[in-house]
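K.L.:
Just passing along the structure, written as structure tokens.
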4 protein chains.
Amino acid sequence: MILRDPVHGLVAFERPAEKIVLRLLDTREVQRLRRVRMLGVTALAFPGAEHSRFAHAVGATYVMTAFLQRIRSLEQELSASERPSLEDEQQGLAAALLHDLGHGPLSHLFEEVFDGAPRHERWTSALVLDPDSQVHRALSEVDRAMPQAVERLVHGKHHKAWLAHAVSGTFDVDRCDYLLRDSYMTGVRYGLYDLPWLLRSLRVARNARGDATIAVEGSKGLPAVEGFFLARLFMYQQVYFHKASRAAERMIRAIFARAADIERDGGDSALPPVLRAMARGATVSTNDYVSLDDGTLWSTIERWESEAADAVLRDIATRLRRRALFKSATLDEEEAPRAQELLESLREIVAKAGFDPRYYAALDVASTGVFDDPPDPADALYVCYNRRAPKLLSRASLLLKKLAGERLVAPRLVFPVEVRDAVAALLGRSPQLALALPSSP
Amino acid sequence: MILRDPVHGLVAFERPAEKIVLRLLDTREVQRLRRVRMLGVTALAFPGAEHSRFAHAVGATYVMTAFLQRIRSLEQELSASERPSLEDEQQGLAAALLHDLGHGPLSHLFEEVFDGAPRHERWTSALVLDPDSQVHRALSEVDRAMPQAVERLVHGKHHKAWLAHAVSGTFDVDRCDYLLRDSYMTGVRYGLYDLPWLLRSLRVARNARGDATIAVEGSKGLPAVEGFFLARLFMYQQVYFHKASRAAERMIRAIFARAADIERDGGDSALPPVLRAMARGATVSTNDYVSLDDGTLWSTIERWESEAADAVLRDIATRLRRRALFKSATLDEEEAPRAQELLESLREIVAKAGFDPRYYAALDVASTGVFDDPPDPADALYVCYNRRAPKLLSRASLLLKKLAGERLVAPRLVFPVEVRDAVAALLGRSPQLALALPSSP
Amino acid sequence: MILRDPVHGLVAFERPAEKIVLRLLDTREVQRLRRVRMLGVTALAFPGAEHSRFAHAVGATYVMTAFLQRIRSLEQELSASERPSLEDEQQGLAAALLHDLGHGPLSHLFEEVFDGAPRHERWTSALVLDPDSQVHRALSEVDRAMPQAVERLVHGKHHKAWLAHAVSGTFDVDRCDYLLRDSYMTGVRYGLYDLPWLLRSLRVARNARGDATIAVEGSKGLPAVEGFFLARLFMYQQVYFHKASRAAERMIRAIFARAADIERDGGDSALPPVLRAMARGATVSTNDYVSLDDGTLWSTIERWESEAADAVLRDIATRLRRRALFKSATLDEEEAPRAQELLESLREIVAKAGFDPRYYAALDVASTGVFDDPPDPADALYVCYNRRAPKLLSRASLLLKKLAGERLVAPRLVFPVEVRDAVAALLGRSPQLALALPSSP
Amino acid sequence: MILRDPVHGLVAFERPAEKIVLRLLDTREVQRLRRVRMLGVTALAFPGAEHSRFAHAVGATYVMTAFLQRIRSLEQELSASERPSLEDEQQGLAAALLHDLGHGPLSHLFEEVFDGAPRHERWTSALVLDPDSQVHRALSEVDRAMPQAVERLVHGKHHKAWLAHAVSGTFDVDRCDYLLRDSYMTGVRYGLYDLPWLLRSLRVARNARGDATIAVEGSKGLPAVEGFFLARLFMYQQVYFHKASRAAERMIRAIFARAADIERDGGDSALPPVLRAMARGATVSTNDYVSLDDGTLWSTIERWESEAADAVLRDIATRLRRRALFKSATLDEEEAPRAQELLESLREIVAKAGFDPRYYAALDVASTGVFDDPPDPADALYVCYNRRAPKLLSRASLLLKKLAGERLVAPRLVFPVEVRDAVAALLGRSPQLALALPSSP
């Protein structure tokens with residue numbers, strides 16, 4: 001199979017080890033990912049960002065083929081038992097394709113919709129291990145032990161460290177693809193880094209345990225690696241933490257929280273059956289879970305707009321559809337330490353204005369580490385030099401040394417437009433000051 | 001409002017005339033376009049092609065802003081009454097944004113699903129003119145005559161020829177955007193032409209009626225225009241007429257034809273209410289129409305797979321989901337004239353294999369003109385030179401002269417894989433010969 | 001050696017067969033190409049087009065590595081004796097790097113400067129075969145027969161047809177690189193075609209003589225090949241035949257023709273020694289030839305501006321430096337057949353205005369074939385299908401069928417600005433009409 | 001005039017204020033820049049980097065047109081006396097085009113060739129102010145005071161602070177163009193930042209003196225500004241401080257130092273007259289200076305290779321031409337403080353090997369500040385927010401705060417390959433360790 005991918009160009013799955021990709025592509029579980037958008041509600045702020053988890057899964061699998069090709073070209077640096085076997089390659093490719101299999105509607109958002117619901121990693125495991133899933137069958141046909149091995153590998157567990165890290169590590173095929181893809185689709189150029197050059201600069205190093213792991217050649221690859229982490233930082237600043245999409249996510253969490261509360265109180269929120277089960281904390285089968293996609297959520301919200309008996313459901317649904325998003329006020333360095341206190345004040349303001357603060361007032365704290373060496377140095381990405389001792393990334397790079405341990409944090413109060421003036425007063429700003437309007441359709 | 005568009009870069013709607021864009025963006029009818037994919041099932045063949053009509057509508061509106069800017073810079077070539085007024089600009093922008101408003105699920109495909117159903121242009125008119133639509137209200141707020149004017153302009157009718165042609169003509173904002181966008185999203189580079197250069201080479205010419213129309217400056221703009229039409233040709237060859245997506249479209253048409261037949265025979269196909277009404281030829285309100293999106297069709301098909309009593313519905317739904325697409329055999333120059341006769345033979349083959357030929361056998365003829373001057377030269381895009389008489393495009397360009405009147409035609413027999421060998425025998429080919437497998441996920 | 005090339009990205013010469021590239025790169029003859037601009041005076045019209053023959057030679061060598069990689073992956077379609085040997089690969093790489101070795105200052109222009117001077121192909125042969133050249137020594141070190149073999153291959157002669165055609169054929173590594181590179185450097189996007197896709201669609205076919213030749217897989221590769229030939233056409237229209245650079249070339253030819261005339265009449269034109277020898281038709285050694293580069297011509301012209309005793313040399317040199325280029329009037333379809341007659345009239349006009357028509361009046365006819373199958377079908381690029389008989393390109397492609405045999409011809413009268421009005425009168429145009437000014441610095 | 005620029009796309013100089021650009025373009029002094037490469041010897045390491053100062057000057061002028069357009073759109077934020085006048089625009093455009101006018105052969109390198117020679121800024125002033133230069137005449141024709149004003153503006157002096165900073169400041173048109181252009185031409189993608197977005201996010205702020213200066217809108221423009229400074233850092237790391245080009249620069253400095261020493265000792269180094277005058281510290285006229293270009297240096301070096309009586313001149317010239325560059329050993333953090341001491345040892349090693357250490361041993365310390373707020377806050381680029389007090393860049397940006405005050409320093413010992421083992425022993429490394437070979441042609 002040869003494909004055109006807008007991000008990577010010509011993508012081919014034609015080697016014997018790659019047959020497993022073709023089998024998995026046609027399963028119901030993988031095809032479902034076509035109906036789950038990669039960036040959830042981000043398309044509200046970046047109209048181009050409409051790509052699905054499926055396109056990303058194919059892209060990550062392509063990166064794995066390129067990574068394996070590089071590893072094969074380094075075979076002389078590996079002992080016989082460390083070299084990639086056919087089985088390793090199959091497992092690596094399957095894990096790359098399936099690493100996001102368990103994502104629910106609107107991707108990350110869904111896990112936060114119902115308290116206590118299993119995270120997407122749990123669902124990925126369940127789907128791969130369930131003997132009735134088509135994915136499980138496709139894997140078993142190759143080798144009965146394959147589902148188990150792939151499930152472990154998806155979570156970064158494999159006896160060959162270089163393979164484990166390529167699936168889940170500082171620099172893994174998931175990140176390699178999503179930074180480029182999200183950048184390409186949003187039009188935010190800052191997510192671009194030089195993937196071919198980075199792959200070409202990969203070498204084999206040995207960690208403290210003596211395992212062969214991935215390293216980067218210092219003279220060639222260091223700027224490419226720095227570019228990779230800066231790309232990540234920029235994408236978080238610009239896209240993943242964008243004010244408008246964070247506000248929309250809050251609204252979706254609020255509306256489903258409301259529905260769950262109604263259900264738990266014995267009411268009927270008109271949730272479709274599978275979602276109702278999840279809202280009530282009941283167990284949901286993998287088969288039922290796979291029936292969920294973005295459309296499930298959106299059609300539920302649309303129905304609430306026109307039919308919900310409950311005023312909160314109807315109101316927030318209407319706002320979402322009309323793109324009348326909640327407003328947000330970013331807290332500055334002096335306000336941030338008082339965030340909880342300000343949230344309490346916000347709740348009072350919101351309640352006084354006649355809104356239920358459980359759903360109409362929130363403190364949204366978006367947060368990510370900029371760059372960290374992993375806790376266990378055996379898992380780190382090393383920088384190697386011509387036979388000099390390899391260095392930790394944070395020691396080899398001027399830039400990353402500066403950024404190691406830093407966090408990007410964006411704390412925001414989120415509230416309906418009706419209380420904008422009161423919030424401005426609370427923060428001591430004039431209404432026009434800090435409460436910028438979302439700037440996108 | 002400032003946006004990042006991956007195709008056009010920085011997109012701004014900030015001038016007074018552009019306020020109308022912001023109002024229209026938040027309407028229910030425009031937001032629905034987010035849930036209608038631009039290229040229908042093409043993502044089966046090109047995994048990146050997941051963009052929506054909404055992103056395209058925003059892009060076309062951007063092209064209109066750039067076009068109007070160029071026209072304003074040519075004001076000295078226009079008489080006072082020909083120059084763009086605020087009203088003209090508003091109408092042009094609204095028409096650009098709304099030109100696809102009536103597209104049903106999976107875009108063009110939907111019109112062919114139910115015999116006799118209104119085409120998307122009719123729905124666009126209905127939605128703009130319906131006093132209850134949010135779009136109508138947004139337009140009326142600006143000016144009571146606006147809905148009527150925009151509806152006419154969407155269909156290429158306006159007393160200023162340059163504006164009419166920019167909305168619907170040889171070189172209009174719709175094509176300008178979709179060629180670039182579909183190219184960007186599929187990764188097929190051939191759809192790229194030089195839009196900024198083309199816009200910069202636009203001039204004003206007078207047609208036979210003395211109207212000011214759009215022309216292209218010969219020395220600078222001709223290659224850009226040639227590039228535009230070749231981009232169109234390549235995109236048809238590579239993307240729009242792709243074998244896999246055409247086969248998938250046939251399958252979707254077949255399955256809904258089956259459902260409609262069941263309904264007309266008084267049965268219950270389990271179509272959702274609005275689709276059932278359409279299948280039965282009943283009138284559907286604009287409000288109901290707007291409730292339809294891609295999800296409506298896909299969830300119906302998914303339900304058929306698991307629940308349909310009817311064997312045809314169930315079978316084709318299963319094939320679609322499993323991506324076990326119908327096969328197709330392209331007819332060559334000698335076979336094409338006997339296409340109808342071959343279709344009859346195919347029907348017999350299919351019936352003999354136990355399939356209902358109404359749904360399992362088709363002659364699919366994809367066809368488009370490569371380039372034609374419009375029938376009325378007053379509507380043509382002229383090429384102008386330093387005060388020499390302007391020429392028709394087909395006379396000014398070596399390339400387009402060669403291509404004028406040519407058609408790109410791809411006639412194919414479409415059938416289930418089970419009869420592949422029999423079809424090969426019918427066409428006198430060995431089985432492996434012409435029946436290439438679809439090459440994409 | 002790993003390089004960054006702006007056109008091809010990561011360029012690596014690391015395989016054993018590629019060692020020969022490193023040896024050749026450091027020779028005096030190859031390094032000279034850094035001082036010969038690819039597009040001669042085109043930078044007058046496209047300021048970005050400053051790249052050298054050296055960068056192109058490295059690019060063409062990269063394309064050869066990619067081509068050889070594709071051929072190796074098709075080994076099962078070749079008999080043992082047809083497969084690429086180490087020697088074949090070395091010869092192919094050397095020929096790719098050296099194919100332009102003999103180009104004089106300002107590339108193609110130089111051959112037309114002195115009547116009867118050897119063409120660049122002759123110089124390439126001479127340089128490769130001269131036992132004293134560093135290139136010859138580098139080749140001989142690998143194998144004594146190598147210089148001879150490479151010299152033949154540069155001219156498209158090799159017993160393996162697929163290799164001969166890759167060096168010099170319809171679709172060869174020279175064209176593959178220069179279309180992309182000239183496009184990238186001028187900013188004219190139309191020269192872009194999809195090289196990776198084209199290479200991937202290459203197959204082996206057998207020509208009438210039974211030789212294994214290069215073919216293109218029809219279903220995948222045809223649009224890429226069409227794109228390749230259209231790119232070529234567009235680049236000729238837009239860049240290679242650009243009015244300003246053609247006029248500048250005419251001026252340079254005129255000024256050196258004047259110098260040669262002075263020399264032949266026994267005068268002293270102050271040409272530097274090697275150029276003087278060439279002007280007088282004397283034999284020039286390869287060693288002397290290699291001392292020439294763009295700087296040689298420009299410094300000669302600069303000297304003429306300030307010091308030449310001869311009025312013609314001084315005048316044209318001054319115009320060139322001041323970018324006061326000759327004007328040109330493109331002849332239209334009705335005028336072209338009378339071109340010679342118009343040239344005579346132009347000469348009279350020019351003489352009457354006090355200029356020597358030998359140097360100040362010219363008929364410049366730029367001309368190239370758009371697309372032709374080669375005269376011997378054994379040399380053609382075939383399009384192959386799944387085991388159906390391969391077709392000639394001109395039969396397989398709707399577009400190329402239309403363009404086969406067509407010529408792009410641009411006949412222009414060239415003359416000093418002083419006679420512009422008289423030329424306009426001659427052609428029956430108003431002065432402003434057809435005599436557009438060059439539009440670039 | 002409309003141009004295609006590969007970096008910026010469509011470049012137009014058509015407004016009345018832009019006429020001055022056309023006049024200046026045709027001067028001898030500006031056209032000379034076509035023969036001075038932007039990046040000197042960097043093409044040894046990056047074969048694509050062959051662009052000239054001329055292409056950069058045109059690009060910087062384009063950025064100025066875009067900058068002025070943005071300023072005009074912000075007129076309501078400026079008082080009447082602060083707004084751009086026709087004169088301001090002319091001065092800004094002229095300064096952008098002429099800012100590099102005084103660069104000698106191989107750009108920055110030339111200033112270091114002869115001790116005490118004036119720097120390029122001095123030559124720029126001299127050329128603009130010299131009443132006999134064509135540039136001076138072109139400027140005077142517009143306004144007699146123009147040469148003086150442009151000369152001051154080139155050095156960042158103008159009573160309108162926003163214009164002064166745009167020509168010479170933290171974020172000026174020079175940097176804006178060269179980062180993009182050097183990145184485009186080398187193929188090193190890291191120099192790309194989002195210029196259109198950055199320009200669009202510019203605002204007017206007031207500095208401590210109350211002057212209107214350029215500021216960046218925080219919410220939109222901050223990542224673009226961060227991208228700009230990171231692009232700069234990456235380009236220094238990857239390109240400007242590249243080992244191979246720094247070594248080649250050292251060799252050129254050494255060879256001309258040798259020639260100057262010969263001249264000062266009363267010998268004859270066969271330097272061409274103008275260079276000889278400079279070597280001897282004599283005054284050189286602007287007219288003579290303008291006769292120098294890259295070709296002057298290269299042909300001198302080439303002559304030395306074949307004809308120099310002096311062994312050092314001949315040897316280094318031969319090495320340069322054969323690309324047998326000096327090797328370099330980068331000093332690590334522990335070695336750097338002992339750099340002078342190590343240089344002494346290197347000199348001894350080199351002398352012992354029979355080379356003159358004055359020319360064959362060097363300590364090369366490439367160094368640049370990563371980011372600094374300017375000493376006078378009135379000159380800083382501010383980040384502004386919706387009517388909140390603007391912040392200094394180093395306070396507004398997480399990234400730049402971390403990098404402020406940091407320096408990128410690359411100290412290297414440079415020496416001929418013959419002493420490689422001895423240098424390795426000196427540094428306690430095995431020969432293969434730190435002495436990587438230059439990796440480019």
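In the structure tokens, chains take letters A, B, ... by order of appearance, with residues numbered from 1 within each chain and ligands from 1 in the order shown.
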Could you please select, counting only C-alpha atoms, the residues of chain A within 9 Å of chain C and state them as a short mmCIF file (atom, residue, chain, number, x, y, z; two decimals) with N, CA and C atoms, in the first residue's frame?

P.N.:
data_model
loop_
_atom_site.label_atom_id
_atom_site.label_comp_id
_atom_site.auth_asym_id
_atom_site.auth_seq_id
_atom_site.Cartn_x
_atom_site.Cartn_y
_atom_site.Cartn_z
N GLY A 9 4.52 13.02 3.08
CA GLY A 9 4.73 12.74 1.66
C GLY A 9 4.34 11.31 1.33
N LEU A 10 5.23 10.63 0.65
CA LEU A 10 4.95 9.26 0.21
C LEU A 10 5.09 8.29 1.39
N PRO A 196 13.39 14.27 9.22
CA PRO A 196 14.35 13.41 8.52
C PRO A 196 15.77 13.57 9.07
N TRP A 197 16.13 14.80 9.37
CA TRP A 197 17.47 15.05 9.91
C TRP A 197 17.61 14.44 11.29
N ARG A 200 18.01 10.74 10.99
CA ARG A 200 19.32 10.41 10.46
C ARG A 200 20.41 10.57 11.51
#

K.L.:
Would you give me, as a PyMOL selection string, the residues in region 170-298 of chain B that DSSP reads as alpha helix (DSSP H)?

P.N.:
chain B and resi 173-186+195-200+218-235+243-264+273-279+286-289+294-298

K.L.:
CA of Ala329 (chain C) and CA of Arg203 (chain B), how far apart in Å?

P.N.:
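That distance, rounded to one decimal, is 22.3 Å.
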
K.L.:
Using only C-alpha atoms, which residues sit within 10 Å of Asp115 (chain D) once same-chain residues fewer than 5 positions away are excluded, as an mmCIF file with C-alpha atoms, in the first residue's frame?

P.N.:
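The resulting file, around34.cif, is shown below:
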data_model
loop_
_atom_site.group_PDB
_atom_site.id
_atom_site.type_symbol
_atom_site.label_atom_id
_atom_site.label_comp_id
_atom_site.auth_asym_id
_atom_site.auth_seq_id
_atom_site.Cartn_x
_atom_site.Cartn_y
_atom_site.Cartn_z
ATOM 1 C CA ALA D 257 47.799 38.428 6.594
ATOM 2 C CA ALA D 260 50.202 42.094 4.074
ATOM 3 C CA MET D 278 44.737 48.489 1.763
ATOM 4 C CA ALA D 279 47.372 46.032 2.938
ATOM 5 C CA ARG D 280 49.815 48.890 3.268
ATOM 6 C CA GLY D 281 47.304 50.963 5.202
#

K.L.:
Give the answer as one residue: which of B:Glu75, B:Glu302, B:Glu249, B:Asp294 has the shortest atom-to-atom distance to Arg28 (chain A), using only C-alpha atoms?

P.N.:
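Closest to Arg28 (chain A) of all the choices is B:Glu302.
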
K.L.:
Distance CA of Leu271 (chain D)-CA of Asp310 (chain C), one decimal place?

P.N.:
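CA of Asp310 (chain C) lies 29.0 Å from CA of Leu271 (chain D).
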
K.L.:
Excluding same-chain residues fewer than 4 positions from Ala49 (chain B), what lies within 6 Å of it counting only C-alpha atoms, as a list of chain:residue names?

P.N.:
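Those residues are B:Ala43, B:Met185, B:Thr186.
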
K.L.:
What's the 12 Å shell around Lys160 (chain C), counting only C-alpha atoms, without same-chain residues fewer than 2 positions away, as JSON, numbers by chain?

P.N.:
{"C": [78, 79, 81, 82, 83, 84, 85, 87, 88, 89, 91, 92, 153, 156, 157, 158, 162, 163, 164, 165, 166, 167, 206, 207, 209, 210, 211, 212, 213, 214, 379]}

K.L.:
Find the spatial neighbours of Val239 (chain B), counting only C-alpha atoms, within a cut-off of 12 Å - ignore same-chain residues fewer than 5 positions away - and output them as an mmCIF file with C-alpha atoms, in the first residue's frame.

P.N.:
data_model
loop_
_atom_site.group_PDB
_atom_site.id
_atom_site.type_symbol
_atom_site.label_atom_id
_atom_site.label_comp_id
_atom_site.auth_asym_id
_atom_site.auth_seq_id
_atom_site.Cartn_x
_atom_site.Cartn_y
_atom_site.Cartn_z
ATOM 1 C CA ARG A 4 0.059 10.228 0.026
ATOM 2 C CA LEU B 39 -14.506 15.533 -0.161
ATOM 3 C CA GLY B 40 -17.004 13.003 1.157
ATOM 4 C CA VAL B 41 -15.491 9.537 1.124
ATOM 5 C CA THR B 42 -12.206 10.634 -0.433
ATOM 6 C CA ALA B 43 -10.503 10.218 2.939
ATOM 7 C CA LEU B 44 -10.746 6.482 2.232
ATOM 8 C CA ALA B 45 -8.096 7.013 -0.452
ATOM 9 C CA PHE B 46 -6.305 10.102 0.911
ATOM 10 C CA PRO B 47 -6.231 9.913 4.690
ATOM 11 C CA GLY B 48 -5.428 13.606 5.072
ATOM 12 C CA ALA B 49 -8.547 14.761 3.254
ATOM 13 C CA LEU B 179 -8.023 23.634 -5.575
ATOM 14 C CA ASP B 182 -7.916 19.951 -1.495
ATOM 15 C CA SER B 183 -4.339 19.864 -2.729
ATOM 16 C CA TYR B 184 -2.956 20.858 0.649
ATOM 17 C CA MET B 185 -5.050 18.347 2.537
ATOM 18 C CA THR B 186 -4.584 15.372 0.232
ATOM 19 C CA GLY B 187 -0.880 16.023 -0.217
ATOM 20 C CA VAL B 188 -1.309 15.946 -3.994
ATOM 21 C CA ARG B 189 0.876 18.843 -4.970
ATOM 22 C CA TYR B 190 -0.505 19.259 -8.435
ATOM 23 C CA GLY B 191 -3.372 21.433 -7.285
ATOM 24 C CA ALA B 231 -4.257 22.245 -11.344
ATOM 25 C CA ARG B 232 -7.951 21.593 -11.847
ATOM 26 C CA LEU B 233 -7.282 18.882 -14.417
ATOM 27 C CA PHE B 234 -4.710 17.161 -12.207
ATOM 28 C CA ALA B 244 -11.440 3.902 -4.529
ATOM 29 C CA SER B 245 -13.553 6.908 -3.657
ATOM 30 C CA ARG B 246 -15.744 6.519 -6.753
ATOM 31 C CA ALA B 366 -16.818 10.215 -14.136
ATOM 32 C CA LYS C 220 0.520 6.013 -10.170
ATOM 33 C CA PRO C 223 0.339 12.511 -13.493
#

K.L.:
List the spatial neighbours of Val36 (chain B) as a PyMOL selection string - criterion: any atom at most 6 Å away, only C-alpha atoms, same-chain residues fewer than 6 positions off excluded.

P.N.:
chain B and resi 52-53+105-106+293-294

K.L.:
Take the residues that were just selected and, keeping C-alpha atoms, output them as a PDB file, in the first residue's frame.

P.N.:
ATOM      1  CA  SER B  52     -14.952  20.353   6.078  1.00  0.00           C
ATOM      2  CA  ARG B  53     -17.076  22.646   3.940  1.00  0.00           C
ATOM      3  CA  PRO B 105     -24.048  15.023   4.030  1.00  0.00           C
ATOM      4  CA  LEU B 106     -20.907  13.907   2.162  1.00  0.00           C
ATOM      5  CA  ASP B 293     -24.756  16.015   8.452  1.00  0.00           C
ATOM      6  CA  ASP B 294     -22.151  13.349   7.690  1.00  0.00           C
TER       7      ASP B 294
END

K.L.:
If I take CA of Val30 (chain A) and CA of Phe326 (chain B), how far is one from the other in Å, to one decimal?

P.N.:
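That distance, rounded to one decimal, is 20.6 Å.
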